[in-house]
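The file protein.csv comes next; it holds CSV, C-alpha atoms.
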```
chain,number,residue,atom,x,y,z
D,238,MET,CA,-16.3,11.8,-40.2
D,239,PRO,CA,-16.0,10.7,-36.5
D,240,ASP,CA,-17.3,13.2,-34.0
D,241,ALA,CA,-15.6,14.1,-30.7
D,242,VAL,CA,-17.3,11.4,-28.7
D,243,THR,CA,-16.1,8.7,-31.1
D,244,VAL,CA,-12.6,10.0,-31.1
D,245,LEU,CA,-12.6,10.2,-27.3
D,246,TRP,CA,-13.9,6.7,-26.9
D,247,TYR,CA,-11.5,5.1,-29.4
D,248,GLY,CA,-8.7,7.1,-27.8
D,249,ALA,CA,-9.5,5.8,-24.3
D,250,ALA,CA,-9.8,2.2,-25.7
D,251,ALA,CA,-6.4,2.5,-27.4
D,252,ALA,CA,-4.8,3.9,-24.2
D,253,GLY,CA,-6.3,1.1,-22.2
D,254,VAL,CA,-5.1,-1.6,-24.6
D,255,ALA,CA,-1.6,-0.1,-24.7
D,256,GLU,CA,-1.4,0.1,-20.9
D,257,SER,CA,-2.6,-3.5,-20.5
D,258,ALA,CA,0.0,-4.7,-23.1
D,259,ARG,CA,2.7,-2.8,-21.3
D,260,LYS,CA,1.7,-4.4,-18.0
D,261,VAL,CA,1.7,-7.8,-19.6
D,262,LEU,CA,5.3,-7.3,-20.8
D,263,VAL,CA,6.5,-5.8,-17.5
D,264,ASN,CA,4.7,-8.4,-15.3
D,265,ARG,CA,6.4,-11.3,-16.9
D,266,GLY,CA,9.2,-11.1,-14.3
D,267,VAL,CA,9.3,-13.4,-11.3
D,268,GLY,CA,7.9,-11.9,-8.1
D,269,TYR,CA,5.0,-10.0,-9.6
D,270,THR,CA,1.9,-10.7,-7.6
D,271,LEU,CA,-1.4,-12.0,-8.9
D,272,SER,CA,-3.1,-8.7,-8.1
D,273,ARG,CA,-1.1,-7.0,-10.8
D,274,HIS,CA,-2.2,-9.5,-13.4
D,275,LEU,CA,-5.8,-9.1,-12.4
D,276,LEU,CA,-5.6,-5.4,-12.6
D,277,THR,CA,-4.1,-5.7,-16.1
D,278,ALA,CA,-7.0,-8.0,-17.2
D,279,GLY,CA,-9.5,-5.5,-15.8
D,280,ILE,CA,-8.0,-2.6,-17.7
D,281,ALA,CA,-7.9,-4.7,-20.9
D,282,SER,CA,-11.6,-5.7,-20.5
D,283,MET,CA,-12.6,-2.1,-19.9
D,284,ALA,CA,-10.7,-0.9,-22.9
D,285,LEU,CA,-12.3,-3.5,-25.2
D,286,SER,CA,-15.7,-2.5,-23.7
D,287,MET,CA,-15.0,1.2,-24.7
D,288,ALA,CA,-14.2,0.0,-28.2
D,289,ALA,CA,-17.4,-2.0,-28.4
D,290,GLY,CA,-19.5,0.8,-27.1
D,291,ASN,CA,-18.2,3.4,-29.5
D,292,PRO,CA,-21.0,5.0,-31.6
D,293,MET,CA,-19.2,3.9,-34.9
D,294,THR,CA,-18.9,0.4,-33.6
D,295,LEU,CA,-22.6,0.3,-32.7
D,296,ASP,CA,-23.6,1.4,-36.2
D,297,TRP,CA,-21.2,-1.1,-37.8
D,298,ALA,CA,-22.5,-4.0,-35.6
D,299,ASP,CA,-26.1,-3.2,-36.3
D,300,HIS,CA,-25.4,-3.1,-40.1
D,301,LEU,CA,-23.4,-6.4,-39.9
D,302,THR,CA,-25.8,-8.4,-37.9
D,303,GLY,CA,-29.1,-6.9,-38.9
D,304,LEU,CA,-30.0,-6.6,-35.2
D,305,HIS,CA,-30.2,-3.6,-33.0
D,306,ASN,CA,-27.9,-2.9,-30.1
D,307,VAL,CA,-25.7,-6.0,-30.3
D,308,ALA,CA,-22.6,-4.0,-29.6
D,309,ILE,CA,-24.1,-2.3,-26.6
D,310,VAL,CA,-24.7,-5.6,-25.0
D,311,VAL,CA,-21.1,-6.7,-25.7
D,312,HIS,CA,-20.0,-3.3,-24.3
D,313,HIS,CA,-21.9,-3.8,-21.1
D,314,LEU,CA,-20.8,-7.4,-20.6
D,315,LEU,CA,-17.2,-6.6,-21.1
D,316,ALA,CA,-17.4,-3.7,-18.6
D,317,MET,CA,-19.1,-6.1,-16.1
D,318,LEU,CA,-16.3,-8.6,-16.7
D,319,ALA,CA,-13.8,-5.9,-15.9
D,320,MET,CA,-15.6,-5.4,-12.6
D,321,VAL,CA,-15.1,-9.2,-11.9
D,322,PHE,CA,-11.4,-8.7,-12.3
D,323,SER,CA,-11.5,-5.7,-10.1
D,324,ALA,CA,-13.2,-7.7,-7.4
D,325,ALA,CA,-10.6,-10.4,-7.7
D,326,PHE,CA,-7.9,-7.7,-7.4
D,327,LEU,CA,-9.5,-6.4,-4.2
D,328,HIS,CA,-9.9,-10.0,-3.0
D,329,THR,CA,-6.1,-10.7,-3.4
D,330,LEU,CA,-5.4,-7.6,-1.3
D,331,GLY,CA,-7.7,-8.6,1.4
D,332,GLN,CA,-10.1,-5.7,0.8
D,333,LEU,CA,-13.1,-7.9,-0.2
D,334,ARG,CA,-14.8,-10.3,2.2
D,335,LEU,CA,-17.2,-11.7,-0.4
D,336,PRO,CA,-15.7,-14.9,-1.7
D,337,MET,CA,-15.0,-15.1,-5.5
D,338,PRO,CA,-17.8,-17.7,-6.1
D,339,GLY,CA,-20.2,-15.1,-4.8
D,340,VAL,CA,-18.7,-12.5,-7.1
D,341,VAL,CA,-19.0,-14.8,-10.1
D,342,THR,CA,-22.6,-15.7,-9.1
D,343,ILE,CA,-23.6,-12.0,-9.0
D,344,PHE,CA,-22.0,-11.4,-12.4
D,345,LEU,CA,-23.8,-14.4,-14.0
D,346,THR,CA,-27.1,-13.5,-12.5
D,347,CYS,CA,-27.0,-9.8,-13.7
D,348,ALA,CA,-25.6,-10.8,-17.1
D,349,THR,CA,-28.3,-13.4,-17.6
D,350,ALA,CA,-31.1,-10.9,-16.6
D,351,MET,CA,-29.7,-8.3,-19.0
D,352,VAL,CA,-29.3,-10.8,-21.9
D,353,THR,CA,-32.8,-12.0,-21.3
D,354,LEU,CA,-34.2,-8.5,-21.4
D,355,TYR,CA,-32.3,-7.8,-24.6
D,356,VAL,CA,-33.5,-10.9,-26.4
D,357,LEU,CA,-37.1,-10.2,-25.3
D,358,ALA,CA,-37.3,-6.5,-25.9
D,359,GLY,CA,-34.1,-5.1,-27.4
D,360,ALA,CA,-33.0,-7.1,-30.4
D,361,HIS,CA,-35.4,-5.3,-32.7
D,362,THR,CA,-36.0,-2.1,-30.8
D,363,PRO,CA,-33.9,1.0,-31.6
D,364,TRP,CA,-32.1,2.9,-28.7
D,365,PHE,CA,-32.4,0.0,-26.3
D,366,ALA,CA,-30.7,0.8,-22.9
D,367,SER,CA,-30.7,4.5,-23.8
D,368,PRO,CA,-32.7,7.4,-22.3
D,369,LYS,CA,-34.2,7.8,-25.8
D,370,ASN,CA,-36.1,4.5,-25.2
D,371,PRO,CA,-38.1,5.0,-22.0
D,372,ALA,CA,-39.7,1.5,-22.2
D,373,PRO,CA,-39.5,-0.4,-18.8
D,374,PRO,CA,-37.4,-3.3,-20.2
D,375,SER,CA,-34.9,-0.8,-21.6
D,376,GLN,CA,-34.6,1.1,-18.4
D,377,LEU,CA,-34.6,-2.0,-16.2
D,378,TYR,CA,-31.7,-3.3,-18.3
D,379,SER,CA,-29.8,0.0,-17.8
D,380,ALA,CA,-30.6,0.1,-14.1
D,381,ILE,CA,-29.1,-3.5,-13.6
D,382,TYR,CA,-26.0,-2.6,-15.5
D,383,LEU,CA,-25.4,0.8,-14.0
D,384,GLY,CA,-26.1,-0.4,-10.4
D,385,TYR,CA,-23.7,-3.3,-10.8
D,386,VAL,CA,-20.8,-1.2,-12.2
D,387,ILE,CA,-21.3,1.6,-9.7
D,388,GLY,CA,-21.2,-0.8,-6.8
D,389,TRP,CA,-17.9,-2.4,-7.8
D,390,LEU,CA,-16.3,0.9,-8.9
D,391,ALA,CA,-17.0,2.4,-5.5
D,392,LEU,CA,-15.4,-0.6,-3.8
D,393,LEU,CA,-12.4,-0.3,-6.1
D,394,LEU,CA,-12.1,3.4,-5.2
D,395,LEU,CA,-12.0,2.5,-1.5
D,396,GLY,CA,-9.6,-0.4,-2.1
D,397,LEU,CA,-7.1,1.8,-3.9
D,398,THR,CA,-7.0,4.1,-0.9
D,399,VAL,CA,-5.6,1.2,1.2
D,400,VAL,CA,-3.1,0.3,-1.6
D,401,ALA,CA,-1.8,3.9,-1.6
D,402,ARG,CA,-1.0,3.8,2.1
D,403,GLY,CA,1.9,1.4,1.5
D,404,GLU,CA,3.5,3.4,-1.3
D,405,VAL,CA,5.9,6.3,-1.3
D,406,THR,CA,4.5,9.8,-1.9
D,407,ALA,CA,5.3,10.0,-5.6
D,408,VAL,CA,3.6,6.6,-6.3
D,409,ARG,CA,0.6,7.8,-4.3
D,410,GLY,CA,0.2,10.6,-6.8
D,411,GLY,CA,-0.4,8.0,-9.6
D,412,VAL,CA,-2.8,6.1,-7.4
D,413,ALA,CA,-4.7,9.3,-6.7
D,414,LEU,CA,-4.9,10.1,-10.4
D,415,ALA,CA,-6.3,6.6,-11.0
D,416,GLN,CA,-8.8,7.2,-8.2
D,417,LEU,CA,-9.8,10.5,-9.8
D,418,GLY,CA,-10.6,8.6,-13.0
D,419,ILE,CA,-12.8,6.2,-11.1
D,420,ALA,CA,-14.5,9.2,-9.4
D,421,VAL,CA,-15.2,10.9,-12.7
D,422,SER,CA,-16.7,7.7,-14.1
D,423,LEU,CA,-18.8,7.3,-11.0
D,424,VAL,CA,-20.2,10.8,-11.4
D,425,GLY,CA,-21.4,10.0,-14.9
D,426,LEU,CA,-22.7,6.5,-14.1
D,427,CYS,CA,-24.6,7.8,-11.1
D,428,TRP,CA,-26.2,10.6,-13.3
D,429,ARG,CA,-27.3,7.9,-15.8
D,430,PHE,CA,-28.5,5.6,-13.0
D,431,GLY,CA,-30.7,8.3,-11.5
D,432,GLY,CA,-32.1,9.0,-15.0
D,433,ALA,CA,-32.9,5.3,-15.5
D,434,LEU,CA,-34.7,5.1,-12.1
D,435,ARG,CA,-36.6,8.2,-12.9
D,436,LEU,CA,-37.7,6.8,-16.3
D,437,LEU,CA,-38.8,3.6,-14.6
D,438,ALA,CA,-41.0,5.6,-12.2
D,439,ASP,CA,-42.1,8.1,-14.8
D,440,PRO,CA,-41.7,7.0,-18.5
D,441,ASP,CA,-42.9,10.4,-19.7
D,442,HIS,CA,-40.0,12.2,-17.9
D,443,LEU,CA,-37.6,14.0,-20.3
D,444,PRO,CA,-34.0,13.0,-19.4
D,445,ARG,CA,-31.2,15.6,-19.5
D,446,GLY,CA,-27.4,15.4,-19.7
D,447,SER,CA,-27.2,12.0,-21.4
D,448,HIS,CA,-24.0,13.1,-23.3
D,449,PHE,CA,-22.4,14.0,-19.9
D,450,GLY,CA,-22.4,10.4,-18.9
D,451,VAL,CA,-20.9,9.3,-22.3
D,452,PHE,CA,-18.0,11.8,-21.8
D,453,THR,CA,-17.2,10.8,-18.2
D,454,ASP,CA,-16.9,7.1,-19.2
D,455,ALA,CA,-14.0,7.8,-21.6
D,456,ALA,CA,-12.5,10.5,-19.5
D,457,GLY,CA,-12.5,8.3,-16.4
D,458,LEU,CA,-10.7,5.5,-18.2
D,459,LEU,CA,-8.1,7.9,-19.6
D,460,LEU,CA,-7.4,9.3,-16.2
D,461,PHE,CA,-7.1,5.8,-14.7
D,462,VAL,CA,-4.6,4.7,-17.4
D,463,LEU,CA,-2.6,7.9,-16.9
D,464,GLY,CA,-2.5,7.2,-13.1
D,465,SER,CA,-1.4,3.7,-13.7
D,466,LEU,CA,1.4,4.9,-16.1
D,467,PHE,CA,2.5,7.5,-13.6
D,468,ALA,CA,2.6,5.1,-10.7
D,469,ALA,CA,4.5,2.5,-12.7
D,470,ALA,CA,7.0,5.0,-14.0
D,471,THR,CA,7.6,6.5,-10.5
D,472,ARG,CA,7.9,3.0,-9.0
D,473,SER,CA,10.4,2.1,-11.7
D,474,VAL,CA,12.5,5.2,-10.9
D,475,PHE,CA,12.5,4.3,-7.2
D,476,ASP,CA,13.4,0.7,-7.9
D,477,ARG,CA,16.3,1.7,-10.0
D,478,ARG,CA,17.5,4.1,-7.3
D,479,ASP,CA,17.2,1.4,-4.7
D,480,ARG,CA,19.2,-1.1,-6.9
D,481,ARG,CA,21.9,1.5,-7.4
D,482,ARG,CA,22.0,2.3,-3.7
D,483,SER,CA,22.2,-1.4,-2.9
D,484,ALA,CA,25.0,-1.9,-5.4
D,485,ARG,CA,27.0,1.0,-3.9
D,486,GLN,CA,26.4,-0.4,-0.4
D,487,ASP,CA,27.6,-3.9,-1.4
D,488,ALA,CA,30.7,-2.4,-3.1
D,489,ALA,CA,31.4,-0.3,0.1
D,490,ILE,CA,31.0,-3.4,2.3
D,491,GLU,CA,33.3,-5.3,0.0
D,492,ARG,CA,35.9,-2.5,0.2
D,493,LEU,CA,35.6,-2.3,4.0
D,494,TRP,CA,35.9,-6.1,4.3
D,495,ARG,CA,39.1,-6.3,2.3
D,496,GLN,CA,40.6,-3.7,4.6
D,497,ALA,CA,39.3,-4.9,7.9
D,498,ARG,CA,40.3,-8.6,7.3
D,499,ILE,CA,44.0,-7.4,7.2
D,500,LEU,CA,43.7,-6.9,10.9
D,501,LEU,CA,42.6,-10.5,11.5
D,502,ALA,CA,45.0,-13.2,12.6
D,503,SER,CA,42.6,-15.9,11.4
D,504,ARG,CA,40.7,-15.5,8.2
D,505,ARG,CA,38.3,-17.6,6.2
D,506,ARG,CA,39.2,-18.4,2.7
D,507,PRO,CA,37.2,-16.6,0.0
D,508,PRO,CA,34.7,-16.5,-1.6
D,509,LEU,CA,32.6,-15.4,1.4
D,510,SER,CA,29.0,-14.5,1.5
D,511,GLN,CA,28.1,-10.9,2.6
D,512,ALA,CA,27.0,-12.2,6.0
D,513,GLN,CA,30.4,-13.9,6.5
D,514,GLN,CA,32.1,-10.7,5.3
D,515,ARG,CA,30.2,-8.7,7.9
D,516,VAL,CA,31.3,-11.2,10.6
D,517,GLU,CA,35.0,-10.6,9.7
D,518,ILE,CA,34.3,-6.8,9.5
D,519,GLU,CA,33.0,-6.8,13.1
D,520,ASP,CA,35.9,-8.9,14.2
D,521,GLY,CA,38.3,-6.4,12.6
D,522,LEU,CA,36.5,-3.5,14.4
D,523,LEU,CA,36.8,-5.3,17.7
D,524,ILE,CA,40.6,-5.5,17.1
D,525,LEU,CA,40.5,-1.8,16.1
D,526,ASP,CA,39.0,-0.9,19.5
D,527,GLN,CA,42.0,-2.5,21.2
D,528,MET,CA,44.7,-0.9,18.9
D,529,ILE,CA,43.6,2.7,18.8
D,530,ASP,CA,44.1,4.7,22.1
D,531,PRO,CA,41.7,7.3,23.3
D,532,ALA,CA,44.1,10.2,22.6
D,533,THR,CA,44.4,9.2,18.9
D,534,ARG,CA,40.6,8.8,18.6
D,535,CYS,CA,40.1,12.3,20.0
D,536,ALA,CA,42.8,13.8,17.7
D,537,ILE,CA,41.1,12.2,14.7
D,538,ARG,CA,37.7,13.6,15.5
D,539,HIS,CA,39.2,17.0,16.3
D,540,ASP,CA,40.7,17.2,12.8
D,541,LEU,CA,37.4,16.2,11.3
D,542,ARG,CA,35.1,18.4,13.3
D,543,ASP,CA,35.1,21.2,10.7
D,544,LEU,CA,33.0,18.9,8.4
D,545,THR,CA,30.3,18.7,11.0
D,546,ILE,CA,30.4,22.4,11.7
D,547,ILE,CA,30.4,23.6,8.1
D,548,TYR,CA,28.5,20.8,6.2
D,549,GLY,CA,26.7,18.9,8.9
D,550,VAL,CA,28.4,15.7,7.9
D,551,ASP,CA,28.4,12.7,10.3
D,552,ILE,CA,32.1,12.2,10.8
D,553,GLU,CA,31.9,8.8,12.7
D,554,PRO,CA,32.2,6.7,9.5
D,555,MET,CA,35.2,8.8,8.3
D,556,ALA,CA,36.8,8.6,11.7
D,557,THR,CA,36.5,4.8,11.7
D,558,ALA,CA,38.0,4.7,8.3
D,559,VAL,CA,41.0,6.7,9.5
D,560,GLU,CA,41.4,4.4,12.4
D,561,ILE,CA,41.4,1.4,10.1
D,562,GLU,CA,44.1,2.9,7.9
D,563,ILE,CA,46.2,3.8,11.0
D,564,ALA,CA,45.8,0.3,12.4
D,565,ILE,CA,46.8,-1.3,9.1
D,566,ALA,CA,49.8,1.0,8.9
D,567,ALA,CA,50.7,0.1,12.5
D,568,LEU,CA,50.3,-3.6,11.7
D,569,VAL,CA,52.5,-3.4,8.6
D,570,ALA,CA,55.1,-1.5,10.6
D,571,HIS,CA,55.1,-4.1,13.3
D,572,LEU,CA,55.4,-7.0,10.9
D,573,SER,CA,58.2,-5.2,9.0
D,574,HIS,CA,60.1,-4.5,12.2
D,575,PRO,CA,59.1,-7.1,14.8
D,576,SER,CA,60.1,-6.4,18.4
D,577,GLY,CA,61.0,-10.0,19.3
D,578,LYS,CA,64.1,-12.0,18.3
D,579,ARG,CA,64.2,-15.4,16.7
D,580,THR,CA,65.0,-18.3,19.1
D,581,ARG,CA,67.1,-21.3,18.3
D,582,ASP,CA,64.1,-23.3,17.3
D,583,GLY,CA,62.9,-20.6,15.0
D,584,THR,CA,59.6,-19.9,16.8
D,585,GLY,CA,60.4,-16.5,18.5
D,586,ASP,CA,58.8,-14.2,15.8
D,587,ALA,CA,55.7,-16.4,15.5
D,588,GLU,CA,55.1,-16.4,19.2
D,589,ASP,CA,55.7,-12.7,19.4
D,590,GLY,CA,53.2,-12.2,16.5
D,591,GLU,CA,50.5,-14.3,18.2
D,592,ALA,CA,51.0,-12.5,21.5
D,593,TRP,CA,50.9,-9.1,19.9
D,594,TRP,CA,47.7,-9.8,17.9
D,595,PRO,CA,44.6,-8.7,19.9
D,596,GLU,CA,42.0,-11.2,20.8
D,597,THR,CA,38.6,-11.1,19.1
D,598,GLU,CA,35.4,-13.1,18.8
D,599,ARG,CA,32.9,-13.9,16.1
D,600,LEU,CA,29.9,-11.7,15.8
D,601,ARG,CA,26.9,-11.8,13.5
D,602,VAL,CA,25.2,-8.4,12.9
D,603,ASP,CA,21.9,-8.2,11.0
D,604,ASP,CA,20.8,-4.7,11.9
D,605,GLY,CA,20.0,-2.6,8.9
D,606,THR,CA,21.2,0.6,10.6
D,607,ARG,CA,24.5,-1.1,11.3
D,608,LEU,CA,24.9,-2.2,7.7
D,609,THR,CA,24.3,1.3,6.5
D,610,TYR,CA,27.0,2.5,8.9
D,611,LEU,CA,29.5,-0.1,7.7
D,612,ALA,CA,28.8,0.9,4.1
D,613,ALA,CA,29.5,4.5,5.0
D,614,VAL,CA,32.8,3.5,6.5
D,615,GLY,CA,33.6,1.5,3.3
D,616,GLU,CA,32.9,4.5,1.2
D,617,ALA,CA,34.9,6.8,3.4
D,618,LEU,CA,38.0,4.5,2.9
D,619,SER,CA,38.4,6.0,-0.6
D,620,ASP,CA,38.0,9.6,0.6
D,621,ARG,CA,41.2,11.7,0.1
D,622,ARG,CA,40.7,13.4,3.5
D,623,VAL,CA,40.8,10.0,5.2
D,624,GLN,CA,44.0,9.1,3.4
D,625,ARG,CA,45.7,12.4,4.2
D,626,LEU,CA,44.7,12.2,7.9
D,627,ALA,CA,45.7,8.5,8.2
D,628,LYS,CA,49.2,9.4,6.8
D,629,LYS,CA,49.4,12.4,9.2
D,630,MET,CA,48.5,10.3,12.3
D,631,GLY,CA,50.1,7.0,11.2
D,632,PRO,CA,52.6,4.7,13.0
D,633,THR,CA,55.0,7.6,13.7
D,634,GLN,CA,52.4,8.9,16.2
D,635,PHE,CA,50.9,5.6,17.1
D,636,PRO,CA,53.6,2.9,17.9
D,637,ALA,CA,52.5,-0.6,17.0
D,638,GLY,CA,51.2,-2.6,19.9
D,639,SER,CA,51.0,0.3,22.3
D,640,ARG,CA,47.7,-1.0,23.7
D,641,THR,CA,48.5,-4.7,23.8
```
Target format structure tokens, applied to this file:
Amino acid sequence: MPDAVTVLWYGAAAAGVAESARKVLVNRGVGYTLSRHLLTAGIASMALSMAAGNPMTLDWADHLTGLHNVAIVVHHLLAMLAMVFSAAFLHTLGQLRLPMPGVVTIFLTCATAMVTLYVLAGAHTPWFASPKNPAPPSQLYSAIYLGYVIGWLALLLLGLTVVARGEVTAVRGGVALAQLGIAVSLVGLCWRFGGALRLLADPDHLPRGSHFGVFTDAAGLLLFVLGSLFAAATRSVFDRRDRRRSARQDAAIERLWRQARILLASRRRPPLSQAQQRVEIEDGLLILDQMIDPATRCAIRHDLRDLTIIYGVDIEPMATAVEIEIAIAALVAHLSHPSGKRTRDGTGDAEDGEAWWPETERLRVDDGTRLTYLAAVGEALSDRRVQRLAKKMGPTQFPAGSRT
């Protein structure tokens, strides 16, 4: 029956494989950066390393091959490969000055030295690379592996701190949880590294707390996977929120454009891009400035001031929406009852319409704050209070063409 350590290691390995598989499926979309793929490969390598280093796997591999410690070497090499992917991840983020050929060279040098020590002294020796085997080749092997992994994990811990700076607060929580996992692993690895150095200096020294390091390896990977899941879930929630907000903003801009272009004497034929729609919106608002007199503007804001006093609402978008509705009503009233008379050549009404229509000019606005304001105006157009106030202060109080 498997013991607690076996269950913990297999659980951590399963969690790592599941998380890497999830990332592979999610990262298939266009726009995902190379850094995400490298982090996925690193998690997968570490998960496979945990599976290979499990005590049950070690016993099974020894029985299958007839050699000692085969699985422990595979376990260590996979963990070192995960560090290579971690270094590449840091390199893509600009957090590692060492070029990738140097990273690969260090990996191959350490791996070659470890495999050589294993072939010479570990293939037929029990408990190789364990505190239970204080022989110098065994502890030198452990020191090389532990020093290599500790160095790269420390750099990854610092690199994730830089990554967290560019994220929202909730996503930073997931990054912090992943960093906690790395820190837990580092504590156990440093404990074992100190024990290996002590045994190299004094083979008769009796090491303590070896199971502590075994526990922290699995616990650290589990915390890292949980942090990755939390950050991914939080980022997904925020991405969906931003997409919904963008869709609402686009719909509001579309609604505002359809209303504002009524005020234009010259219009482009649809379909129009959003940038072209915004040009026509700004043209319509320029006309609006000429059609609404100051007294009407003050009256509109006076009627809406309770919203600011009671609810703290910004009434400017709603006031602009009311002005648009009033201007459209005035325009419809003028076109329905033109002030001019038709001449003999039939051009009187047309000339009167052209003279009445205020002048405008084309503007292109790319400011994000302005776009947010226009979207708020578009949303306010469907507000019942805007409709009621526009009817209350319509053409009966604002004669068409009073400012032209």
Task: Interatomic distance (Å, one decimal) between CA of Ile565 in chain D and CA of Tyr548 in chain D - done: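 CA of Ile565 in chain D sits 28.8 Å away from CA of Tyr548 in chain D.
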- [ ] Determine, counting all atoms listed in the file, every residue of protein, DNA or RNA that lies within 12 Å of (38.0, -1.9, 8.8) in the file coordinates, then give the result as a PyMOL selection string.
- [x] chain D and resi 489-501+514-526+554-565+610-618
Residue selection dump (C-alpha atoms) as a compact mmCIF listing (two decimals), keeping the file's coordinate frame:
```txt
# COMPACT_ATOMS: atom_id res chain seq x y z
CA ALA D 489 31.40 -0.30 0.10
CA ILE D 490 31.00 -3.40 2.30
CA GLU D 491 33.30 -5.30 0.00
CA ARG D 492 35.90 -2.50 0.20
CA LEU D 493 35.60 -2.30 4.00
CA TRP D 494 35.90 -6.10 4.30
CA ARG D 495 39.10 -6.30 2.30
CA GLN D 496 40.60 -3.70 4.60
CA ALA D 497 39.30 -4.90 7.90
CA ARG D 498 40.30 -8.60 7.30
CA ILE D 499 44.00 -7.40 7.20
CA LEU D 500 43.70 -6.90 10.90
CA LEU D 501 42.60 -10.50 11.50
CA GLN D 514 32.10 -10.70 5.30
CA ARG D 515 30.20 -8.70 7.90
CA VAL D 516 31.30 -11.20 10.60
CA GLU D 517 35.00 -10.60 9.70
CA ILE D 518 34.30 -6.80 9.50
CA GLU D 519 33.00 -6.80 13.10
CA ASP D 520 35.90 -8.90 14.20
CA GLY D 521 38.30 -6.40 12.60
CA LEU D 522 36.50 -3.50 14.40
CA LEU D 523 36.80 -5.30 17.70
CA ILE D 524 40.60 -5.50 17.10
CA LEU D 525 40.50 -1.80 16.10
CA ASP D 526 39.00 -0.90 19.50
CA PRO D 554 32.20 6.70 9.50
CA MET D 555 35.20 8.80 8.30
CA ALA D 556 36.80 8.60 11.70
CA THR D 557 36.50 4.80 11.70
CA ALA D 558 38.00 4.70 8.30
CA VAL D 559 41.00 6.70 9.50
CA GLU D 560 41.40 4.40 12.40
CA ILE D 561 41.40 1.40 10.10
CA GLU D 562 44.10 2.90 7.90
CA ILE D 563 46.20 3.80 11.00
CA ALA D 564 45.80 0.30 12.40
CA ILE D 565 46.80 -1.30 9.10
CA TYR D 610 27.00 2.50 8.90
CA LEU D 611 29.50 -0.10 7.70
CA ALA D 612 28.80 0.90 4.10
CA ALA D 613 29.50 4.50 5.00
CA VAL D 614 32.80 3.50 6.50
CA GLY D 615 33.60 1.50 3.30
CA GLU D 616 32.90 4.50 1.20
CA ALA D 617 34.90 6.80 3.40
CA LEU D 618 38.00 4.50 2.90
```
Mind checking which residues fall within 6 Å of range 243-250 of chain D, counting only C-alpha atoms, ignoring those fewer than 4 positions away in the same chain, and posting them as a short mmCIF file (atom, residue, chain, number, x, y, z; two decimals) with C-alpha atoms, in the coordinates of the input?
```cif
data_model
loop_
_atom_site.label_atom_id
_atom_site.label_comp_id
_atom_site.auth_asym_id
_atom_site.auth_seq_id
_atom_site.Cartn_x
_atom_site.Cartn_y
_atom_site.Cartn_z
CA PRO D 239 -16.00 10.70 -36.50
CA ALA D 284 -10.70 -0.90 -22.90
CA MET D 287 -15.00 1.20 -24.70
CA ALA D 288 -14.20 0.00 -28.20
CA ASN D 291 -18.20 3.40 -29.50
CA ALA D 455 -14.00 7.80 -21.60
CA LEU D 459 -8.10 7.90 -19.60
#
```
Task: Counting only C-alpha atoms, the residue of D:Ala241, D:Pro444, D:Pro338, D:His361 that sits nearest Asp299 in chain D - done: D:His361
Task: Interatomic distance (Å, one decimal) between CA of Phe322 in chain D and CA of Leu276 in chain D - done: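 Answer for the CA of Phe322 in chain D to CA of Leu276 in chain D separation: 6.7 Å.
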Near Ser367 in chain D, within 9 Å and counting all atoms listed in the file, which residues show up once chain neighbours fewer than 3 positions away are dropped, as a PDB file with C-alpha atoms, in the frame of the given file?
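The new file result.pdb reads:
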```
ATOM      1  CA  TRP D 364     -32.100   2.900 -28.700  1.00  0.00           C
ATOM      2  CA  ASN D 370     -36.100   4.500 -25.200  1.00  0.00           C
ATOM      3  CA  PRO D 371     -38.100   5.000 -22.000  1.00  0.00           C
ATOM      4  CA  SER D 375     -34.900  -0.800 -21.600  1.00  0.00           C
ATOM      5  CA  GLN D 376     -34.600   1.100 -18.400  1.00  0.00           C
ATOM      6  CA  SER D 379     -29.800   0.000 -17.800  1.00  0.00           C
ATOM      7  CA  ALA D 433     -32.900   5.300 -15.500  1.00  0.00           C
ATOM      8  CA  SER D 447     -27.200  12.000 -21.400  1.00  0.00           C
TER       9      SER D 447
END
```
Task: Straight-line distance linking CA of Ile343 in chain D with CA of Ala380 in chain D, stated in Å to one decimal - done: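 Value for the CA of Ile343 in chain D-CA of Ala380 in chain D distance: 14.9 Å.
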Task: Nearest candidate to Pro368 in chain D (options D:Ala258, D:Leu509, D:Leu544, D:Leu434; using all atoms listed in the file) - done: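 When distances to Pro368 in chain D are compared using all atoms listed in the file, the smallest one comes from D:Leu434.
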TODO: Could you pull out every residue with an atom within 8 Å of (-6.2, -2.7, -20.9), file coordinates, counting only C-alpha atoms, and send them as a PyMOL selection string?
DONE: chain D and resi 250+252-258+277-285
- [ ] Find the residue from D:Val412, D:Ala366, D:Leu383, D:Leu397 that sits nearest to Cys427 in chain D; use only C-alpha atoms when measuring.
- [x]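 Going through D:Val412, D:Ala366, D:Leu383, D:Leu397 one by one, the smallest distance to Cys427 in chain D is for D:Leu383.
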- [ ] Give the answer as one residue: which of D:Val311, D:Ile546, D:Ala512, D:Leu395 has the shortest atom-to-atom distance to Ala348 in chain D, using only C-alpha atoms?
- [x]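 Closest to Ala348 in chain D of all the choices is D:Val311.
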Task: Contacts of Ser473 in chain D within 12 Å, all atoms listed in the file, excl. fewer than 5 positions in-chain, as a ChimeraX atom specification - done: /D:263,407-408,466-468,478-480
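When all atoms listed in the file are used to compute distances to Thr398 in chain D, the closest of the residues D:Gln486, D:Thr270, D:Gln416, D:Thr606 turns out to be D:Gln416.
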